[in-house]
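First the structure, in the form of structure tokens, and then the observations on it.
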Amino acid sequence: MQGRFKRDGSASAEPEPQGGTGPKAVSSSPQHAQNPGQTQPGDSGERAGQAAGPSAPGQQSPAKPAKGSTGPGPRIALRNWRISTRLVSLLALPVVAATSLGALRINQSMDDIQQLENMKLLTEMTKQATELAAALQEERDQSAGPLAHGSKSSAIAVKGDREQTDRALKNFLDKSEQIDAASKDGKLVGVRDSLVGIASDLNDLTKIRSTAYTATDNSTQTVEAYHRLITHLLDLSQDMAEATSNPDMIQRTRALSAFSSAKEYASIQRAVLAAALPANNTDKGDLAENDRLYAQSALQSQTSEIRSFTSIYGDGAEDLLKPISEGNPVIEASDQYAGRAVGKKDGLASLKARSYQDWLDDSSTKIQQMKNIELKLLEDMEQQARELRNESEQEAIISGVLILLVLGVSLVGAFVVARSMIRSLRRLEDTATKVAQDRLPELVKQLSETDPQDVDTSVESVGVHSRDEIGRVAAAFDDVHREAVRLAAEQALLRGNVNAMFTNLSRRSQGLIQRQLSLISELESREADPDQLSSLFKLDHLATRMRRNGENLLVLAGEEPGRRWTRPVPLVDVLRAAASEVEQYERIELASVPSTEVAGRVVNDLVHLLAELLENATSFSSPQTKVKVTGHALPDGRVLIEIHDTGIGLSPEDLAAINERLASPPTVDVSVSRRMGLFVVGRLSQRHGIRIQLRPSDSGGTTALVMLPVDVAQGG
């Protein structure tokens, strides 16, 4: 069988002596130690060569970092952030700052609103305090005459005044509860403390009533007791003025306090004279000197407080005071009467006789006018508080709307700008990814498989034509893409020239080797000496292996061998022919080969493929062991060929790498030439749809599985 295949030109060449070429090229070097002498000198062993040799074809070497570069760094590093994240962060800083300032502004407006709300509450509290003070004044003044003279007929009138005071007191205390609740935030603590003191003083009102005007010729004691309560109530407006920061409200509060004090001093004069005058119009009153001096001091204080009010209130004070300063004869007469009565000692005795009721009627006209002015001041304060609160609310609303508007415009503008940038960047990224992963590899594949002149090498632009940095990067990428395509075309052309050189050299070598085999066969036929004939057989065997190496060059060049069978050949003959091309062919043992025929077009390539596998199995197993070859016919018509050796085996990683190379042979380069057997087996199996896989053997070593498809195993 050996001679038949060598002479009719159907047998494949044997693997080269150096650099083991079988598919087990990734085994480790200890197997060489187990089989010394089996590997030719200079053979590094394909099993160990894969790990030690340069990177395989088709595998990209990792890019070397630029000088001074330390790699991408941690994921949280600023330079590793997405562009969108950076833009959001960049815009977030001023937006957050503006929002914070706006929030502070709104918060300040809310504080102002709260302060003005407190101011409104304080104004209402001032109104209640003023009403209570007015009620106390009425009670004190109206009860002065009846109580000082022991008149029983006026007891009902005194009781009515006191009930009115009690109602005002209840309203005042109820309003104080609101102040107590509003002081929880600590802003009205001072006012609350003042109210607590006033409430404590008001508890003495019952005691004051029980002893009112009981002392003979000493109405000052009762008037002063009422005066202290009234003064505390009027001083409350000063505490409220300190609780607000609005200058206008402070001015109005101070003006009200001054005028209320003037009204109180006028009321004191009314009470003192009412206590001194008799109940009839026939007798003259008796004003004690102490009471006179007290009333005189009140008159002077009234004048002083009116001047203070005029100074504090400013423009319009004279118009506001006209009802009590001019044009009313009753008020003028009562003022004149009071001035004469308290102006000098025995002044009351020099005046004509009048009852305390007449005096109360005349003097109450002025007190009522002053009360009207006081109410007008209170109404003005309330109106001012409402206006300030409304203005503050409007300002807060306007500020909030403006902040939201600015924030919305900023976000929309930022979104538009970021979207324009991100769209260009994403388009650039998507195009670059497609070029790197799809277009360029596909173009390189087309250039390697066909004539470069028949391949469209035009480059599609990224499509980003802006004048900014992104547009310039896109233009630079287009230039890089064009340059890469040009280099790929040049490499494909160079590869084609190299393949043509391989083909020419291989064809020439094949012709010379064929002539050499013919000459050796002729010498074998004429030689009768057994020793010489044995030497000729060895020479014949070496020439056959040389022919297989020459055919390897054709496989590297992508060419098919010129020798081809036209008729199907039995599988057993194909296996024997493959075994005859292996140096240690005597170690190969065929067993249970099915009686099927191999298609003639595949015979030479299959012999070549199996010879490479057998060569590798014998090279990397012990010389004392056998390499067993079995075949199995499958029910679907395919045939499975198994090649078992008893070497040290391969690691799972090495087996996975070899099977990957067998399934997808890499591009031809220098590393392929050093591991030619693996590449040739992969190329030949891919050419005819033959599946090859290496697995660990149950008995140790490695098993090569060769699956012949139906169109190959059934003779075509």
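Identifiers for the structure tokens are assigned positionally: chains receive A, B, ... in sequence, residues are indexed from 1 per chain, and ligands are indexed from 1 in the order shown.
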
Inset, instruction - Write out as a ChimeraX atom specification each polymer residue whose atoms come within 12 Å of A:Ser304, counting only C-alpha atoms; drop sequence neighbours fewer than 5 positions from it. - result: /A:258-259,261-263,265-266,297-299,309-311

Written selection (C-alpha atoms) as a JSON list (two decimals), in the first residue's frame:
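That gives us out.json:
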[["chain", "number", "residue", "atom", "x", "y", "z"],
["A", 258, "ALA", "CA", -46.99, 107.48, 73.01],
["A", 259, "PHE", "CA", -50.55, 108.42, 72.16],
["A", 261, "SER", "CA", -49.88, 107.02, 77.23],
["A", 262, "ALA", "CA", -51.21, 110.52, 76.60],
["A", 263, "LYS", "CA", -54.74, 109.14, 76.68],
["A", 265, "TYR", "CA", -52.71, 110.60, 81.54],
["A", 266, "ALA", "CA", -55.84, 112.40, 80.39],
["A", 297, "SER", "CA", -47.98, 115.59, 86.91],
["A", 298, "ALA", "CA", -50.39, 113.64, 84.68],
["A", 299, "LEU", "CA", -51.28, 116.83, 82.83],
["A", 309, "PHE", "CA", -46.39, 111.29, 69.39],
["A", 310, "THR", "CA", -46.20, 114.24, 66.99],
["A", 311, "SER", "CA", -42.46, 113.78, 66.63]]

Neighbour list for stretch 529-539 of chain A as a PDB file with N, CA and C atoms, in the first residue's frame, cut-off 8 Å, only C-alpha atoms, skip fewer than 5 positions in-chain:
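Listing of part_3.pdb after writing:
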ATOM      1  N   ILE A 520      13.759   6.967  -7.321  1.00  0.00           N
ATOM      2  CA  ILE A 520      13.960   6.024  -6.218  1.00  0.00           C
ATOM      3  C   ILE A 520      13.179   4.738  -6.479  1.00  0.00           C
ATOM      4  N   LEU A 523      15.078   2.668  -8.901  1.00  0.00           N
ATOM      5  CA  LEU A 523      16.226   2.019  -8.261  1.00  0.00           C
ATOM      6  C   LEU A 523      15.761   0.855  -7.390  1.00  0.00           C
ATOM      7  N   GLU A 524      14.614   1.006  -6.709  1.00  0.00           N
ATOM      8  CA  GLU A 524      14.102  -0.073  -5.868  1.00  0.00           C
ATOM      9  C   GLU A 524      13.744  -1.301  -6.707  1.00  0.00           C
TER      10      GLU A 524
END

Inset, instruction - Pick out the residues sitting within 8 Å of stretch 511-514 of chain A, and hand them over as a PyMOL selection string; count only C-alpha atoms, and ignore anything fewer than 5 positions along from it in its own chain. - result: chain A and resi 9+543-544+546-547

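Around stretch 218-220 of chain A, within 9 Å and counting only C-alpha atoms, the residues found are A:Ala144, A:Ala148, A:Ala212, A:Tyr213, A:Thr214, A:Ala215, A:Val223, A:Glu224, A:Ala225, A:Ala271, A:Val272, A:Ala275, A:Ala276, A:Ala288, A:Asn290, A:Asp291, A:Tyr294, A:Ala295, once anything fewer than 3 positions away on its own chain is removed.
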
Legend entry - For A:Ser509, the nearest of the candidates A:Arg548, A:Thr702, A:Glu483, A:Asp540, counting only C-alpha atoms: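 Of A:Arg548, A:Thr702, A:Glu483, A:Asp540, the one nearest A:Ser509 is A:Arg548, counting only C-alpha atoms.
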
Inset, instruction - Among the residues of stretch 545-669 of chain A, find those DSSP assigns to strand (DSSP E or B) from the backbone and print them as a list in words. - result: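 Those in stretch 545-669 of chain A that DSSP calls strand (DSSP E or B) are Val569, Pro570, Ile588, Glu589, Leu590, Ala591, Glu597, Val598, Val627, Lys628, Val629, Thr630, Gly631, His632, Ala633, Val639, Leu640, Ile641, Glu642, Ile643 and His644 of chain A.
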
Using all heavy atoms, can you write the selected residues to a file as a short mmCIF file (atom, residue, chain, number, x, y, z; two decimals), in the first residue's frame?
data_model
loop_
_atom_site.label_atom_id
_atom_site.label_comp_id
_atom_site.auth_asym_id
_atom_site.auth_seq_id
_atom_site.Cartn_x
_atom_site.Cartn_y
_atom_site.Cartn_z
N VAL A 569 -12.04 5.89 -2.68
CA VAL A 569 -10.99 5.02 -2.15
C VAL A 569 -11.46 4.48 -0.81
O VAL A 569 -11.99 5.24 0.01
CB VAL A 569 -9.67 5.80 -1.99
CG1 VAL A 569 -8.59 4.92 -1.37
CG2 VAL A 569 -9.20 6.34 -3.34
N PRO A 570 -11.27 3.20 -0.52
CA PRO A 570 -11.67 2.65 0.77
C PRO A 570 -10.98 3.40 1.92
O PRO A 570 -9.83 3.80 1.82
CB PRO A 570 -11.23 1.18 0.71
CG PRO A 570 -11.20 0.88 -0.75
CD PRO A 570 -10.77 2.14 -1.44
N ILE A 588 1.79 2.39 14.58
CA ILE A 588 0.38 2.68 14.33
C ILE A 588 -0.37 1.38 14.14
O ILE A 588 0.03 0.52 13.36
CB ILE A 588 0.23 3.59 13.11
CG1 ILE A 588 0.97 4.92 13.35
CG2 ILE A 588 -1.23 3.84 12.79
CD1 ILE A 588 1.00 5.83 12.17
N GLU A 589 -1.49 1.26 14.83
CA GLU A 589 -2.28 0.03 14.80
C GLU A 589 -3.70 0.38 14.40
O GLU A 589 -4.38 1.16 15.05
CB GLU A 589 -2.26 -0.61 16.20
CG GLU A 589 -3.06 -1.90 16.29
CD GLU A 589 -3.01 -2.47 17.69
OE1 GLU A 589 -1.91 -2.85 18.16
OE2 GLU A 589 -4.07 -2.50 18.35
N LEU A 590 -4.15 -0.21 13.26
CA LEU A 590 -5.50 0.01 12.77
C LEU A 590 -6.41 -1.07 13.31
O LEU A 590 -6.03 -2.25 13.34
CB LEU A 590 -5.53 0.00 11.24
CG LEU A 590 -4.63 1.02 10.53
CD1 LEU A 590 -4.79 0.91 9.02
CD2 LEU A 590 -4.96 2.42 10.98
N ALA A 591 -7.63 -0.69 13.71
CA ALA A 591 -8.57 -1.67 14.26
C ALA A 591 -9.99 -1.26 13.93
O ALA A 591 -10.33 -0.07 14.01
CB ALA A 591 -8.39 -1.77 15.78
N GLU A 597 -16.09 4.07 1.73
CA GLU A 597 -15.17 4.67 0.77
C GLU A 597 -15.19 6.19 0.90
O GLU A 597 -16.24 6.79 1.14
CB GLU A 597 -15.54 4.26 -0.65
CG GLU A 597 -15.34 2.76 -0.92
CD GLU A 597 -15.63 2.41 -2.37
OE1 GLU A 597 -16.33 3.21 -3.03
OE2 GLU A 597 -15.15 1.36 -2.84
N VAL A 598 -14.03 6.77 0.70
CA VAL A 598 -13.86 8.21 0.80
C VAL A 598 -13.93 8.81 -0.60
O VAL A 598 -13.36 8.26 -1.56
CB VAL A 598 -12.53 8.56 1.48
CG1 VAL A 598 -12.34 10.06 1.55
CG2 VAL A 598 -12.46 7.95 2.88
N VAL A 627 -0.06 3.58 18.86
CA VAL A 627 -1.07 4.59 18.53
C VAL A 627 -2.19 3.87 17.82
O VAL A 627 -2.01 3.35 16.71
CB VAL A 627 -0.49 5.72 17.66
CG1 VAL A 627 -1.60 6.69 17.26
CG2 VAL A 627 0.61 6.46 18.40
N LYS A 628 -3.35 3.82 18.46
CA LYS A 628 -4.46 3.04 17.93
C LYS A 628 -5.39 3.94 17.12
O LYS A 628 -5.75 5.04 17.55
CB LYS A 628 -5.24 2.39 19.07
CG LYS A 628 -4.41 1.36 19.85
CD LYS A 628 -5.26 0.71 20.94
CE LYS A 628 -4.42 -0.33 21.71
NZ LYS A 628 -5.23 -1.00 22.76
N VAL A 629 -5.78 3.40 15.96
CA VAL A 629 -6.69 4.12 15.06
C VAL A 629 -7.90 3.24 14.85
O VAL A 629 -7.78 2.08 14.42
CB VAL A 629 -6.02 4.45 13.73
CG1 VAL A 629 -7.00 5.22 12.83
CG2 VAL A 629 -4.75 5.26 13.94
N THR A 630 -9.08 3.78 15.19
CA THR A 630 -10.34 3.04 15.01
C THR A 630 -11.31 3.90 14.23
O THR A 630 -11.20 5.12 14.18
CB THR A 630 -10.95 2.67 16.37
OG1 THR A 630 -11.21 3.87 17.11
CG2 THR A 630 -10.01 1.79 17.18
N GLY A 631 -12.27 3.23 13.62
CA GLY A 631 -13.31 3.93 12.87
C GLY A 631 -14.67 3.41 13.25
O GLY A 631 -14.83 2.23 13.57
N HIS A 632 -15.67 4.30 13.20
CA HIS A 632 -17.04 3.92 13.57
C HIS A 632 -17.98 4.55 12.54
O HIS A 632 -17.92 5.76 12.30
CB HIS A 632 -17.40 4.42 14.97
CG HIS A 632 -16.42 3.99 16.03
ND1 HIS A 632 -16.43 2.75 16.61
CD2 HIS A 632 -15.38 4.65 16.59
CE1 HIS A 632 -15.46 2.65 17.49
NE2 HIS A 632 -14.79 3.80 17.50
N ALA A 633 -18.82 3.71 11.95
CA ALA A 633 -19.85 4.21 11.04
C ALA A 633 -21.09 4.57 11.85
O ALA A 633 -21.63 3.73 12.57
CB ALA A 633 -20.18 3.16 9.99
N VAL A 639 -18.88 9.10 9.52
CA VAL A 639 -17.88 8.16 10.02
C VAL A 639 -17.01 8.91 11.02
O VAL A 639 -16.54 10.03 10.74
CB VAL A 639 -17.02 7.57 8.88
CG1 VAL A 639 -15.87 6.74 9.45
CG2 VAL A 639 -17.88 6.71 7.97
N LEU A 640 -16.79 8.29 12.19
CA LEU A 640 -15.95 8.87 13.23
C LEU A 640 -14.65 8.08 13.31
O LEU A 640 -14.67 6.87 13.52
CB LEU A 640 -16.67 8.84 14.58
CG LEU A 640 -15.86 9.33 15.78
CD1 LEU A 640 -15.49 10.80 15.61
CD2 LEU A 640 -16.63 9.11 17.08
N ILE A 641 -13.53 8.79 13.15
CA ILE A 641 -12.21 8.19 13.25
C ILE A 641 -11.59 8.68 14.56
O ILE A 641 -11.58 9.88 14.83
CB ILE A 641 -11.32 8.58 12.06
CG1 ILE A 641 -11.97 8.11 10.75
CG2 ILE A 641 -9.92 7.99 12.21
CD1 ILE A 641 -11.23 8.59 9.51
N GLU A 642 -11.08 7.72 15.37
CA GLU A 642 -10.47 8.05 16.64
C GLU A 642 -9.00 7.66 16.62
O GLU A 642 -8.66 6.54 16.21
CB GLU A 642 -11.18 7.33 17.79
CG GLU A 642 -12.64 7.71 17.91
CD GLU A 642 -13.29 7.03 19.10
OE1 GLU A 642 -12.54 6.41 19.90
OE2 GLU A 642 -14.52 7.10 19.25
N ILE A 643 -8.13 8.55 17.05
CA ILE A 643 -6.68 8.31 17.13
C ILE A 643 -6.29 8.46 18.60
O ILE A 643 -6.37 9.55 19.16
CB ILE A 643 -5.90 9.30 16.25
CG1 ILE A 643 -6.35 9.18 14.79
CG2 ILE A 643 -4.40 9.07 16.39
CD1 ILE A 643 -5.71 10.20 13.87
N HIS A 644 -5.89 7.35 19.23
CA HIS A 644 -5.56 7.33 20.65
C HIS A 644 -4.06 7.23 20.84
O HIS A 644 -3.40 6.38 20.22
CB HIS A 644 -6.22 6.13 21.35
CG HIS A 644 -7.71 6.07 21.15
ND1 HIS A 644 -8.59 6.73 21.96
CD2 HIS A 644 -8.47 5.42 20.22
CE1 HIS A 644 -9.83 6.49 21.55
NE2 HIS A 644 -9.78 5.69 20.48
#

Applying 6 Å and only C-alpha atoms, which residues near stretch 680-682 of chain A remain after dropping the ones on its own chain fewer than 2 positions away? List them as a PDB file with N, CA, C and O atoms, in the first residue's frame.
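The file below, result.pdb, is the result:
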ATOM      1  N   LEU A 609      -4.222  15.218   6.249  1.00  0.00           N
ATOM      2  CA  LEU A 609      -4.729  15.577   7.571  1.00  0.00           C
ATOM      3  C   LEU A 609      -4.442  14.479   8.589  1.00  0.00           C
ATOM      4  O   LEU A 609      -3.940  14.739   9.696  1.00  0.00           O
ATOM      5  N   LEU A 662      -8.311  24.681  15.697  1.00  0.00           N
ATOM      6  CA  LEU A 662      -8.764  23.732  14.672  1.00  0.00           C
ATOM      7  C   LEU A 662     -10.080  24.194  14.050  1.00  0.00           C
ATOM      8  O   LEU A 662     -10.296  24.024  12.847  1.00  0.00           O
ATOM      9  N   PRO A 665      -8.954  28.396  11.979  1.00  0.00           N
ATOM     10  CA  PRO A 665      -7.519  28.584  11.732  1.00  0.00           C
ATOM     11  C   PRO A 665      -7.190  30.067  11.624  1.00  0.00           C
ATOM     12  O   PRO A 665      -7.921  30.827  10.981  1.00  0.00           O
ATOM     13  N   MET A 676       3.021  24.641  12.023  1.00  0.00           N
ATOM     14  CA  MET A 676       2.356  24.451  10.745  1.00  0.00           C
ATOM     15  C   MET A 676       1.348  23.311  10.789  1.00  0.00           C
ATOM     16  O   MET A 676       0.305  23.373  10.145  1.00  0.00           O
ATOM     17  N   GLY A 677       1.667  22.242  11.555  1.00  0.00           N
ATOM     18  CA  GLY A 677       0.773  21.092  11.573  1.00  0.00           C
ATOM     19  C   GLY A 677      -0.617  21.462  12.047  1.00  0.00           C
ATOM     20  O   GLY A 677      -1.620  21.052  11.456  1.00  0.00           O
ATOM     21  N   LEU A 678      -0.709  22.232  13.112  1.00  0.00           N
ATOM     22  CA  LEU A 678      -2.002  22.650  13.637  1.00  0.00           C
ATOM     23  C   LEU A 678      -2.776  23.466  12.614  1.00  0.00           C
ATOM     24  O   LEU A 678      -3.974  23.268  12.406  1.00  0.00           O
ATOM     25  N   LEU A 684      -7.350  22.146   6.243  1.00  0.00           N
ATOM     26  CA  LEU A 684      -7.847  21.013   5.461  1.00  0.00           C
ATOM     27  C   LEU A 684      -9.222  20.571   5.950  1.00  0.00           C
ATOM     28  O   LEU A 684     -10.096  20.235   5.139  1.00  0.00           O
ATOM     29  N   SER A 685      -9.419  20.564   7.269  1.00  0.00           N
ATOM     30  CA  SER A 685     -10.733  20.159   7.780  1.00  0.00           C
ATOM     31  C   SER A 685     -11.792  21.186   7.418  1.00  0.00           C
ATOM     32  O   SER A 685     -12.927  20.833   7.088  1.00  0.00           O
TER      33      SER A 685
END

Inset, instruction - Run DSSP on the backbone and grab whatever in stretch 275-519 of chain A lands in alpha helix (DSSP H); send it over as number ranges by chain. - result: A: 275-276, 289-313, 317-325, 329-343, 356-434, 440-449, 469-519

Legend entry - Atomic separation - atom CA of A:Gly647 relative to atom CA of A:Glu581, Å: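 One can read the atom CA of A:Glu581 to atom CA of A:Gly647 distance as 20.7 Å.
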
Legend entry - Atom pair atom CA of A:Lys127 / atom CA of A:Phe172: separation (Å):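 Between atom CA of A:Lys127 and atom CA of A:Phe172 the gap is 9.0 Å.
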
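The protein and nucleic acid residues lying at most 9 Å from stretch 193-205 of chain A are Leu169, Leu173, Ser176, Ile179, Asp180, Leu188, Val189, Gly190, Ile208, Arg209, Ser210, Ala225, Tyr226, Arg228, Leu229, His232, Leu233, Leu236 and Asp239 of chain A, with only C-alpha atoms considered and sequence neighbours fewer than 3 positions away removed.
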
Legend entry - 7 Å contact set for A:Thr130, only C-alpha atoms, chain neighbours under 4 positions out, as a count of residues only: 3

Legend entry - atom CA of A:Leu91 to atom CA of A:Gln394, straight-line distance in Å: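 So the answer is 29.5 Å.
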
Legend entry - Shortest interatomic distance to A:Lys170 - which of A:Leu320, A:Leu375, A:Ala489, A:Ala129, counting only C-alpha atoms: A:Ala129

Inset, instruction - Would you please work out which residue, of A:Gly600, A:Gly700, A:Gly102, A:Gly637, is nearest to A:Ser622 when using only C-alpha atoms? - result: A:Gly700

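Restricting the calculation to only C-alpha atoms, the smallest distance between A:Pro146 and any of A:Ala168, A:Val473, A:Ile658, A:Ala279 is found for A:Ala279.
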